[in-house]
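Below is structure05.cif, which holds mmCIF, C-alpha atoms.
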```cif
data_entry
#
loop_
_atom_site.group_PDB
_atom_site.id
_atom_site.type_symbol
_atom_site.label_atom_id
_atom_site.label_comp_id
_atom_site.auth_asym_id
_atom_site.auth_seq_id
_atom_site.Cartn_x
_atom_site.Cartn_y
_atom_site.Cartn_z
ATOM 1 C CA MET A 210 0.000 0.000 0.000
ATOM 2 C CA GLY A 211 2.810 2.370 0.871
ATOM 3 C CA ASP A 212 4.381 1.210 -2.347
ATOM 4 C CA ASN A 213 1.368 2.391 -4.325
ATOM 5 C CA ARG A 214 1.604 5.796 -2.712
ATOM 6 C CA GLN A 215 5.236 5.941 -3.764
ATOM 7 C CA ARG A 216 4.321 4.997 -7.325
ATOM 8 C CA VAL A 217 1.653 7.715 -7.388
ATOM 9 C CA ARG A 218 4.231 10.159 -6.075
ATOM 10 C CA GLY A 219 6.572 9.135 -8.878
ATOM 11 C CA LEU A 220 3.785 9.597 -11.404
ATOM 12 C CA LEU A 221 3.155 13.139 -10.182
ATOM 13 C CA ALA A 222 6.847 13.896 -10.397
ATOM 14 C CA THR A 223 7.368 12.578 -13.899
ATOM 15 C CA ARG A 224 4.166 13.683 -15.640
ATOM 16 C CA LEU A 225 3.546 17.077 -14.095
ATOM 17 C CA LYS A 226 5.596 20.193 -13.647
ATOM 18 C CA LEU A 227 5.601 20.426 -9.885
ATOM 19 C CA GLY A 228 7.031 23.308 -7.948
ATOM 20 C CA LYS A 229 8.597 20.947 -5.428
ATOM 21 C CA ALA A 230 10.241 17.560 -5.285
ATOM 22 C CA ALA A 231 7.814 14.657 -5.214
ATOM 23 C CA ASP A 232 9.435 13.320 -2.036
ATOM 24 C CA GLU A 233 8.210 16.421 -0.239
ATOM 25 C CA LEU A 234 4.575 15.718 -1.109
ATOM 26 C CA GLY A 235 2.571 14.490 1.845
ATOM 27 C CA ASP A 236 0.009 11.722 1.369
ATOM 28 C CA GLU A 237 -2.768 14.057 2.465
ATOM 29 C CA ALA A 238 -1.693 17.232 0.705
ATOM 30 C CA PRO A 239 -4.512 18.518 -1.527
ATOM 31 C CA LEU A 240 -3.442 18.316 -5.156
ATOM 32 C CA PHE A 241 -5.905 20.864 -6.503
ATOM 33 C CA GLY A 242 -7.127 24.247 -5.434
ATOM 34 C CA PRO A 243 -5.696 26.916 -3.171
ATOM 35 C CA GLY A 244 -3.705 25.696 -0.224
ATOM 36 C CA GLY A 245 -2.630 22.629 -2.156
ATOM 37 C CA LEU A 246 -0.310 21.929 -5.029
ATOM 38 C CA GLY A 247 -2.453 24.132 -7.229
ATOM 39 C CA LEU A 248 -2.854 21.622 -10.057
ATOM 40 C CA ASP A 249 -5.424 22.501 -12.729
ATOM 41 C CA SER A 250 -7.859 20.591 -14.929
ATOM 42 C CA ILE A 251 -5.258 19.970 -17.642
ATOM 43 C CA ASP A 252 -3.027 18.398 -14.987
ATOM 44 C CA ALA A 253 -6.019 16.243 -13.992
ATOM 45 C CA LEU A 254 -6.319 14.957 -17.562
ATOM 46 C CA GLU A 255 -2.598 14.192 -17.588
ATOM 47 C CA LEU A 256 -2.962 12.295 -14.306
ATOM 48 C CA VAL A 257 -5.936 10.306 -15.612
ATOM 49 C CA LEU A 258 -3.819 9.163 -18.567
ATOM 50 C CA GLY A 259 -0.864 8.461 -16.315
ATOM 51 C CA LEU A 260 -2.918 6.346 -13.903
ATOM 52 C CA GLU A 261 -4.357 4.381 -16.800
ATOM 53 C CA LYS A 262 -0.881 3.626 -18.086
ATOM 54 C CA GLU A 263 0.763 2.955 -14.722
ATOM 55 C CA PHE A 264 -2.010 1.011 -12.976
ATOM 56 C CA GLY A 265 -4.587 0.162 -15.642
ATOM 57 C CA VAL A 266 -7.331 2.058 -13.820
ATOM 58 C CA VAL A 267 -9.868 4.144 -15.717
ATOM 59 C CA ILE A 268 -11.437 7.355 -14.472
ATOM 60 C CA GLU A 269 -14.410 8.000 -16.704
ATOM 61 C CA ASP A 270 -15.965 11.219 -15.531
ATOM 62 C CA ARG A 271 -15.241 14.481 -13.827
ATOM 63 C CA ALA A 272 -17.116 13.650 -10.607
ATOM 64 C CA THR A 273 -14.990 10.529 -10.083
ATOM 65 C CA ALA A 274 -11.860 12.502 -10.899
ATOM 66 C CA VAL A 275 -12.671 15.147 -8.292
ATOM 67 C CA GLN A 276 -12.995 12.448 -5.620
ATOM 68 C CA VAL A 277 -10.094 10.246 -6.672
ATOM 69 C CA LEU A 278 -7.535 12.932 -7.444
ATOM 70 C CA ALA A 279 -7.892 14.725 -4.122
ATOM 71 C CA SER A 280 -4.570 13.550 -2.685
ATOM 72 C CA ILE A 281 -1.903 10.880 -3.038
ATOM 73 C CA ARG A 282 -3.775 8.824 -0.407
ATOM 74 C CA THR A 283 -7.110 8.950 -2.270
ATOM 75 C CA ILE A 284 -5.441 7.977 -5.554
ATOM 76 C CA ALA A 285 -3.659 5.018 -3.941
ATOM 77 C CA GLU A 286 -6.921 3.911 -2.280
ATOM 78 C CA PHE A 287 -8.762 4.091 -5.605
ATOM 79 C CA VAL A 288 -6.090 1.977 -7.285
ATOM 80 C CA GLU A 289 -6.379 -0.610 -4.497
ATOM 81 C CA ALA A 290 -10.209 -0.555 -4.582
ATOM 82 C CA GLN A 291 -10.010 -1.366 -8.298
ATOM 83 C CA GLY A 292 -7.888 -4.382 -7.456
ATOM 84 C CA LYS A 293 -4.873 -2.896 -9.179
ATOM 85 C CA GLY A 294 -1.467 -1.791 -8.005
ATOM 86 C CA MET B 146 -22.059 11.743 -43.527
ATOM 87 C CA GLY B 147 -24.403 13.925 -45.594
ATOM 88 C CA GLU B 148 -23.103 17.307 -46.638
ATOM 89 C CA ASP B 149 -19.475 18.373 -46.529
ATOM 90 C CA PRO B 150 -18.219 17.107 -43.167
ATOM 91 C CA LEU B 151 -15.537 19.788 -43.188
ATOM 92 C CA SER B 152 -18.273 22.382 -42.877
ATOM 93 C CA ARG B 153 -18.540 21.520 -39.204
ATOM 94 C CA LEU B 154 -15.224 23.293 -38.691
ATOM 95 C CA PRO B 155 -15.987 26.791 -37.389
ATOM 96 C CA HIS B 156 -13.054 28.347 -39.264
ATOM 97 C CA GLY B 157 -13.551 30.536 -42.299
ATOM 98 C CA ILE B 158 -12.323 29.124 -45.591
ATOM 99 C CA SER B 159 -9.132 31.183 -45.592
ATOM 100 C CA PHE B 160 -8.122 29.696 -42.249
ATOM 101 C CA ARG B 161 -8.996 26.108 -42.998
ATOM 102 C CA PHE B 162 -6.027 23.777 -43.085
ATOM 103 C CA VAL B 163 -7.832 20.533 -43.795
ATOM 104 C CA ASP B 164 -8.856 19.722 -47.365
ATOM 105 C CA ARG B 165 -10.467 16.321 -47.162
ATOM 106 C CA ILE B 166 -11.465 13.588 -44.733
ATOM 107 C CA LEU B 167 -10.229 10.111 -45.655
ATOM 108 C CA GLU B 168 -11.461 8.071 -42.709
ATOM 109 C CA MET B 169 -13.623 8.863 -39.745
ATOM 110 C CA ILE B 170 -14.673 6.934 -36.672
ATOM 111 C CA PRO B 171 -16.755 9.627 -34.972
ATOM 112 C CA GLY B 172 -15.372 10.675 -31.610
ATOM 113 C CA LYS B 173 -12.422 8.294 -31.870
ATOM 114 C CA ARG B 174 -10.188 8.621 -34.902
ATOM 115 C CA VAL B 175 -9.987 10.648 -38.088
ATOM 116 C CA VAL B 176 -7.576 10.771 -41.005
ATOM 117 C CA ALA B 177 -7.539 13.919 -43.133
ATOM 118 C CA LEU B 178 -5.530 15.465 -45.963
ATOM 119 C CA LYS B 179 -3.946 18.871 -46.338
ATOM 120 C CA ASN B 180 -2.540 19.642 -49.786
ATOM 121 C CA VAL B 181 0.244 22.172 -49.621
ATOM 122 C CA SER B 182 0.197 24.407 -52.692
ATOM 123 C CA VAL B 183 2.649 27.033 -53.832
ATOM 124 C CA ASP B 184 -0.409 29.296 -54.042
ATOM 125 C CA ASP B 185 -1.027 29.095 -50.287
ATOM 126 C CA PRO B 186 -0.740 32.777 -49.291
ATOM 127 C CA TYR B 187 1.439 32.205 -46.231
ATOM 128 C CA LEU B 188 4.103 30.515 -48.342
ATOM 129 C CA ARG B 189 4.848 33.633 -50.382
ATOM 130 C CA ASP B 190 6.811 35.204 -47.545
ATOM 131 C CA HIS B 191 7.710 32.118 -45.549
ATOM 132 C CA PHE B 192 10.212 32.287 -47.061
ATOM 133 C CA PRO B 193 10.674 34.385 -50.217
ATOM 134 C CA GLY B 194 12.051 32.032 -52.857
ATOM 135 C CA ASN B 195 12.147 29.183 -50.353
ATOM 136 C CA PRO B 196 8.561 28.214 -49.452
ATOM 137 C CA LEU B 197 8.257 26.175 -46.263
ATOM 138 C CA MET B 198 5.060 25.309 -44.388
ATOM 139 C CA PRO B 199 5.329 27.029 -40.982
ATOM 140 C CA GLY B 200 5.449 24.536 -38.131
ATOM 141 C CA VAL B 201 2.713 26.360 -36.234
ATOM 142 C CA LEU B 202 0.391 26.040 -39.233
ATOM 143 C CA LEU B 203 1.121 22.339 -39.386
ATOM 144 C CA VAL B 204 0.032 22.234 -35.753
ATOM 145 C CA GLU B 205 -3.077 24.232 -36.710
ATOM 146 C CA ALA B 206 -3.885 21.665 -39.404
ATOM 147 C CA MET B 207 -3.504 18.873 -36.841
ATOM 148 C CA VAL B 208 -5.623 20.744 -34.290
ATOM 149 C CA GLN B 209 -8.385 21.326 -36.848
ATOM 150 C CA THR B 210 -8.297 17.625 -37.701
ATOM 151 C CA ALA B 211 -8.728 16.769 -34.018
ATOM 152 C CA GLY B 212 -11.607 19.241 -33.868
ATOM 153 C CA LEU B 213 -13.489 17.063 -36.347
ATOM 154 C CA LEU B 214 -13.841 14.494 -33.557
ATOM 155 C CA LEU B 215 -15.654 16.845 -31.193
ATOM 156 C CA PRO B 216 -19.443 16.671 -30.863
ATOM 157 C CA GLU B 217 -21.170 18.402 -33.749
ATOM 158 C CA GLY B 218 -22.068 22.012 -33.080
ATOM 159 C CA SER B 219 -19.584 22.374 -30.242
ATOM 160 C CA SER B 220 -16.818 24.916 -30.239
ATOM 161 C CA ALA B 221 -13.489 24.554 -28.527
ATOM 162 C CA VAL B 222 -10.197 26.267 -27.915
ATOM 163 C CA LEU B 223 -6.688 24.916 -27.759
ATOM 164 C CA ALA B 224 -5.670 24.378 -24.135
ATOM 165 C CA GLN B 225 -2.349 22.563 -24.398
ATOM 166 C CA ILE B 226 0.307 21.491 -26.884
ATOM 167 C CA LYS B 227 2.678 18.782 -25.688
ATOM 168 C CA GLU B 228 5.494 16.820 -27.183
ATOM 169 C CA ALA B 229 5.375 18.664 -30.490
ATOM 170 C CA ARG B 230 8.104 17.583 -32.865
ATOM 171 C CA PHE B 231 8.824 18.572 -36.434
ATOM 172 C CA ARG B 232 10.839 15.937 -38.186
ATOM 173 C CA ARG B 233 10.980 17.024 -41.811
ATOM 174 C CA PRO B 234 10.178 20.214 -43.746
ATOM 175 C CA VAL B 235 6.835 20.401 -45.531
ATOM 176 C CA VAL B 236 6.953 22.166 -48.905
ATOM 177 C CA PRO B 237 4.620 22.952 -51.829
ATOM 178 C CA GLY B 238 3.434 19.810 -53.576
ATOM 179 C CA ASP B 239 3.368 17.807 -50.370
ATOM 180 C CA GLN B 240 0.181 16.011 -49.479
ATOM 181 C CA VAL B 241 0.060 15.887 -45.710
ATOM 182 C CA ARG B 242 -1.845 12.985 -44.180
ATOM 183 C CA ILE B 243 -3.006 13.875 -40.685
ATOM 184 C CA GLU B 244 -4.215 11.328 -38.147
ATOM 185 C CA ALA B 245 -5.958 12.404 -34.969
ATOM 186 C CA GLU B 246 -6.872 9.976 -32.225
ATOM 187 C CA HIS B 247 -8.965 10.772 -29.175
ATOM 188 C CA ARG B 248 -7.079 9.549 -26.111
ATOM 189 C CA THR B 249 -9.295 10.570 -23.219
ATOM 190 C CA GLY B 250 -11.774 13.170 -22.083
ATOM 191 C CA LEU B 251 -12.529 14.652 -18.690
ATOM 192 C CA GLY B 252 -15.293 17.198 -18.317
ATOM 193 C CA THR B 253 -14.826 19.729 -21.097
ATOM 194 C CA LEU B 254 -11.230 18.709 -21.811
ATOM 195 C CA HIS B 255 -10.221 16.282 -24.539
ATOM 196 C CA ARG B 256 -6.767 14.941 -25.221
ATOM 197 C CA PHE B 257 -5.655 13.868 -28.703
ATOM 198 C CA THR B 258 -2.619 12.215 -30.247
ATOM 199 C CA LEU B 259 -1.712 13.724 -33.618
ATOM 200 C CA ARG B 260 0.578 12.568 -36.398
ATOM 201 C CA ALA B 261 1.274 14.132 -39.772
ATOM 202 C CA SER B 262 3.067 12.335 -42.575
ATOM 203 C CA VAL B 263 4.059 12.908 -46.188
ATOM 204 C CA GLY B 264 4.577 9.931 -48.460
ATOM 205 C CA GLY B 265 4.620 7.585 -45.484
ATOM 206 C CA SER B 266 7.275 9.552 -43.586
ATOM 207 C CA LEU B 267 6.398 11.223 -40.318
ATOM 208 C CA VAL B 268 6.769 15.029 -40.602
ATOM 209 C CA ALA B 269 5.231 16.177 -37.326
ATOM 210 C CA GLU B 270 3.601 14.852 -34.179
ATOM 211 C CA ALA B 271 2.049 16.321 -31.067
ATOM 212 C CA GLU B 272 -0.293 15.730 -28.167
ATOM 213 C CA ILE B 273 -2.924 18.393 -27.640
ATOM 214 C CA VAL B 274 -5.799 19.223 -25.331
ATOM 215 C CA LEU B 275 -8.915 20.942 -26.637
ATOM 216 C CA ALA B 276 -11.295 22.623 -24.181
ATOM 217 C CA ILE B 277 -14.920 22.707 -25.245
ATOM 218 C CA THR B 278 -16.374 26.159 -24.689
ATOM 219 C CA THR B 279 -19.824 25.526 -26.160
ATOM 220 C CA PRO B 280 -21.266 22.016 -25.892
ATOM 221 C CA GLY B 281 -22.602 20.463 -29.067
ATOM 222 C CA ASP B 282 -26.027 19.106 -29.877
ATOM 223 C CA ARG B 283 -25.106 15.550 -29.051
ATOM 224 C CA GLY B 284 -22.321 13.594 -27.428
ATOM 225 C CA SER B 285 -19.929 11.487 -29.439
#
```
Before we go any further, please render this structure as structure tokens.
Amino acid sequence: MGDNRQRVRGLLATRLKLGKAADELGDEAPLFGPGGLGLDSIDALELVLGLEKEFGVVIEDRATAVQVLASIRTIAEFVEAQGKG
Amino acid sequence: MGEDPLSRLPHGISFRFVDRILEMIPGKRVVALKNVSVDDPYLRDHFPGNPLMPGVLLVEAMVQTAGLLLPEGSSAVLAQIKEARFRRPVVPGDQVRIEAEHRTGLGTLHRFTLRASVGGSLVAEAEIVLAITTPGDRGS
């Protein structure tokens, strides 16, 4: 499980232009919106593609994306709930 | 497909960089042609005596091709260009074959993989995101 969080962290680091090193990202840090990493909707699309490639999980709609892409923890939990990872 | 499927492009004729559709799987994949002619107005000065299709206009042609996959009646703007590469020059007389493939969509955003080739050789490629600003009449 911790391993999945690390893989998600790696995904964020390689696919997105982050202002800080991925190792500094806390599991609970909000990825979007003020007070978080400040990712935007184009970053979300990039993450959706990245998660599909890395874990084989599909996020079909915006509502699911909002829930799943909240933080590294929520992404890792989604991957595990899909039986992937 | 009924009347001219290119007419769904919102661009005026003088800013249309797609001439013909060869294949179309609505919402998924399209292959289109752009014939580059020495008469194309932008080639007169790009460059004088040495006409070369501007890379950004090749991107425009690829973006317009991708736009053919959006729901009919919708309008969209370019939101991202990624991984754009120009591998060979495109010159008058070239027939550019452009393939656009819909990769994924999320809300109003749609990501496409684009490839342009001349005579079987890749001339340009890119990944783009289009953002729909006005939804169409139907989904696709």
- Tell me which protein, DNA and RNA residues are within 9 Å of Gly228 (chain A), counting only C-alpha atoms, leaving out same-chain ones fewer than 2 positions away, and put them as a list in words.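 So, after excluding close chain neighbours, the residues are Lys226, Ala230 and Leu246 of chain A.
Residue-level contacts from chain B to chain A at 9 Å, counting all atoms listed in the file, read Ala224, Gln225, Arg248, Thr249, Gly250, Leu251, Gly252, Thr253, Leu254, His255, Arg256 and Val274 of chain B.
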Given the file shown, determine the residues that the PyMOL selection byres ((chain B and resi 259) around 6) selects; report them as a PDB file with C-alpha atoms, in the frame of the given file.
```pdb
ATOM      1  CA  GLU B 244      -4.215  11.328 -38.147  1.00  0.00           C
ATOM      2  CA  ALA B 245      -5.958  12.404 -34.969  1.00  0.00           C
ATOM      3  CA  THR B 258      -2.619  12.215 -30.247  1.00  0.00           C
ATOM      4  CA  ARG B 260       0.578  12.568 -36.398  1.00  0.00           C
ATOM      5  CA  GLU B 270       3.601  14.852 -34.179  1.00  0.00           C
ATOM      6  CA  ALA B 271       2.049  16.321 -31.067  1.00  0.00           C
ATOM      7  CA  GLU B 272      -0.293  15.730 -28.167  1.00  0.00           C
TER       8      GLU B 272
END
```
- Quick one: which residues end up in the PyMOL selection byres ((chain B and resi 172) around 12) for this structure, as a ChimeraX atom specification? /B:169-171,173-175,210-217,245-250,255-257,283-285
- Message: Between CA of Glu286 (chain A) and CA of Gly211 (chain A), what distance in Å does the model show, to one decimal?
- Response: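 Taking CA of Glu286 (chain A) and CA of Gly211 (chain A), their separation equals 10.3 Å.
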Because the input lacks atoms here, generate all heavy atoms for region 261-272 of chain B and report them as a PDB file, in the frame of the given file.
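Heads up, here's the output in rebuild-v8.pdb:
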```pdb
ATOM      1  N   ALA B 261       1.366  13.677 -38.386  1.00  0.00           N
ATOM      2  CA  ALA B 261       1.274  14.132 -39.772  1.00  0.00           C
ATOM      3  C   ALA B 261       2.390  13.478 -40.564  1.00  0.00           C
ATOM      4  O   ALA B 261       3.537  13.407 -40.095  1.00  0.00           O
ATOM      5  CB  ALA B 261       1.406  15.651 -39.838  1.00  0.00           C
ATOM      6  N   SER B 262       2.047  12.984 -41.769  1.00  0.00           N
ATOM      7  CA  SER B 262       3.067  12.335 -42.575  1.00  0.00           C
ATOM      8  C   SER B 262       2.924  12.742 -44.041  1.00  0.00           C
ATOM      9  O   SER B 262       1.853  13.133 -44.502  1.00  0.00           O
ATOM     10  CB  SER B 262       2.992  10.815 -42.424  1.00  0.00           C
ATOM     11  OG  SER B 262       1.700  10.360 -42.776  1.00  0.00           O
ATOM     12  N   VAL B 263       4.041  12.652 -44.747  1.00  0.00           N
ATOM     13  CA  VAL B 263       4.059  12.908 -46.188  1.00  0.00           C
ATOM     14  C   VAL B 263       4.730  11.714 -46.852  1.00  0.00           C
ATOM     15  O   VAL B 263       5.862  11.367 -46.506  1.00  0.00           O
ATOM     16  CB  VAL B 263       4.847  14.204 -46.523  1.00  0.00           C
ATOM     17  CG1 VAL B 263       5.007  14.360 -48.040  1.00  0.00           C
ATOM     18  CG2 VAL B 263       4.143  15.423 -45.950  1.00  0.00           C
ATOM     19  N   GLY B 264       4.012  11.086 -47.759  1.00  0.00           N
ATOM     20  CA  GLY B 264       4.577   9.931 -48.460  1.00  0.00           C
ATOM     21  C   GLY B 264       5.028   8.829 -47.524  1.00  0.00           C
ATOM     22  O   GLY B 264       6.032   8.158 -47.776  1.00  0.00           O
ATOM     23  N   GLY B 265       4.302   8.656 -46.419  1.00  0.00           N
ATOM     24  CA  GLY B 265       4.620   7.585 -45.484  1.00  0.00           C
ATOM     25  C   GLY B 265       5.672   7.950 -44.450  1.00  0.00           C
ATOM     26  O   GLY B 265       5.946   7.171 -43.542  1.00  0.00           O
ATOM     27  N   SER B 266       6.281   9.131 -44.582  1.00  0.00           N
ATOM     28  CA  SER B 266       7.275   9.552 -43.586  1.00  0.00           C
ATOM     29  C   SER B 266       6.659  10.556 -42.623  1.00  0.00           C
ATOM     30  O   SER B 266       6.007  11.517 -43.042  1.00  0.00           O
ATOM     31  CB  SER B 266       8.473  10.226 -44.265  1.00  0.00           C
ATOM     32  OG  SER B 266       9.136   9.307 -45.080  1.00  0.00           O
ATOM     33  N   LEU B 267       6.914  10.323 -41.348  1.00  0.00           N
ATOM     34  CA  LEU B 267       6.398  11.223 -40.318  1.00  0.00           C
ATOM     35  C   LEU B 267       7.039  12.607 -40.470  1.00  0.00           C
ATOM     36  O   LEU B 267       8.261  12.728 -40.563  1.00  0.00           O
ATOM     37  CB  LEU B 267       6.736  10.631 -38.947  1.00  0.00           C
ATOM     38  CG  LEU B 267       6.052  11.225 -37.732  1.00  0.00           C
ATOM     39  CD1 LEU B 267       4.546  10.994 -37.780  1.00  0.00           C
ATOM     40  CD2 LEU B 267       6.636  10.607 -36.460  1.00  0.00           C
ATOM     41  N   VAL B 268       6.211  13.673 -40.531  1.00  0.00           N
ATOM     42  CA  VAL B 268       6.769  15.029 -40.602  1.00  0.00           C
ATOM     43  C   VAL B 268       6.554  15.804 -39.303  1.00  0.00           C
ATOM     44  O   VAL B 268       7.325  16.692 -38.973  1.00  0.00           O
ATOM     45  CB  VAL B 268       6.208  15.838 -41.796  1.00  0.00           C
ATOM     46  CG1 VAL B 268       6.652  15.214 -43.114  1.00  0.00           C
ATOM     47  CG2 VAL B 268       4.694  15.954 -41.740  1.00  0.00           C
ATOM     48  N   ALA B 269       5.485  15.478 -38.583  1.00  0.00           N
ATOM     49  CA  ALA B 269       5.231  16.177 -37.326  1.00  0.00           C
ATOM     50  C   ALA B 269       4.347  15.321 -36.439  1.00  0.00           C
ATOM     51  O   ALA B 269       3.578  14.485 -36.921  1.00  0.00           O
ATOM     52  CB  ALA B 269       4.560  17.527 -37.576  1.00  0.00           C
ATOM     53  N   GLU B 270       4.456  15.549 -35.138  1.00  0.00           N
ATOM     54  CA  GLU B 270       3.601  14.852 -34.179  1.00  0.00           C
ATOM     55  C   GLU B 270       3.416  15.740 -32.961  1.00  0.00           C
ATOM     56  O   GLU B 270       4.244  16.611 -32.687  1.00  0.00           O
ATOM     57  CB  GLU B 270       4.206  13.512 -33.777  1.00  0.00           C
ATOM     58  CG  GLU B 270       5.571  13.627 -33.146  1.00  0.00           C
ATOM     59  CD  GLU B 270       6.271  12.281 -33.059  1.00  0.00           C
ATOM     60  OE1 GLU B 270       5.597  11.277 -32.801  1.00  0.00           O
ATOM     61  OE2 GLU B 270       7.496  12.257 -33.238  1.00  0.00           O
ATOM     62  N   ALA B 271       2.327  15.528 -32.268  1.00  0.00           N
ATOM     63  CA  ALA B 271       2.049  16.321 -31.067  1.00  0.00           C
ATOM     64  C   ALA B 271       0.927  15.667 -30.274  1.00  0.00           C
ATOM     65  O   ALA B 271       0.178  14.828 -30.778  1.00  0.00           O
ATOM     66  CB  ALA B 271       1.645  17.748 -31.442  1.00  0.00           C
ATOM     67  N   GLU B 272       0.854  16.062 -29.005  1.00  0.00           N
ATOM     68  CA  GLU B 272      -0.293  15.730 -28.167  1.00  0.00           C
ATOM     69  C   GLU B 272      -0.956  17.060 -27.850  1.00  0.00           C
ATOM     70  O   GLU B 272      -0.258  18.025 -27.509  1.00  0.00           O
ATOM     71  CB  GLU B 272       0.157  15.096 -26.846  1.00  0.00           C
ATOM     72  CG  GLU B 272       0.947  13.812 -26.978  1.00  0.00           C
ATOM     73  CD  GLU B 272       0.052  12.602 -26.827  1.00  0.00           C
ATOM     74  OE1 GLU B 272      -0.897  12.659 -26.022  1.00  0.00           O
ATOM     75  OE2 GLU B 272       0.300  11.613 -27.523  1.00  0.00           O
TER      76      GLU B 272
END
```
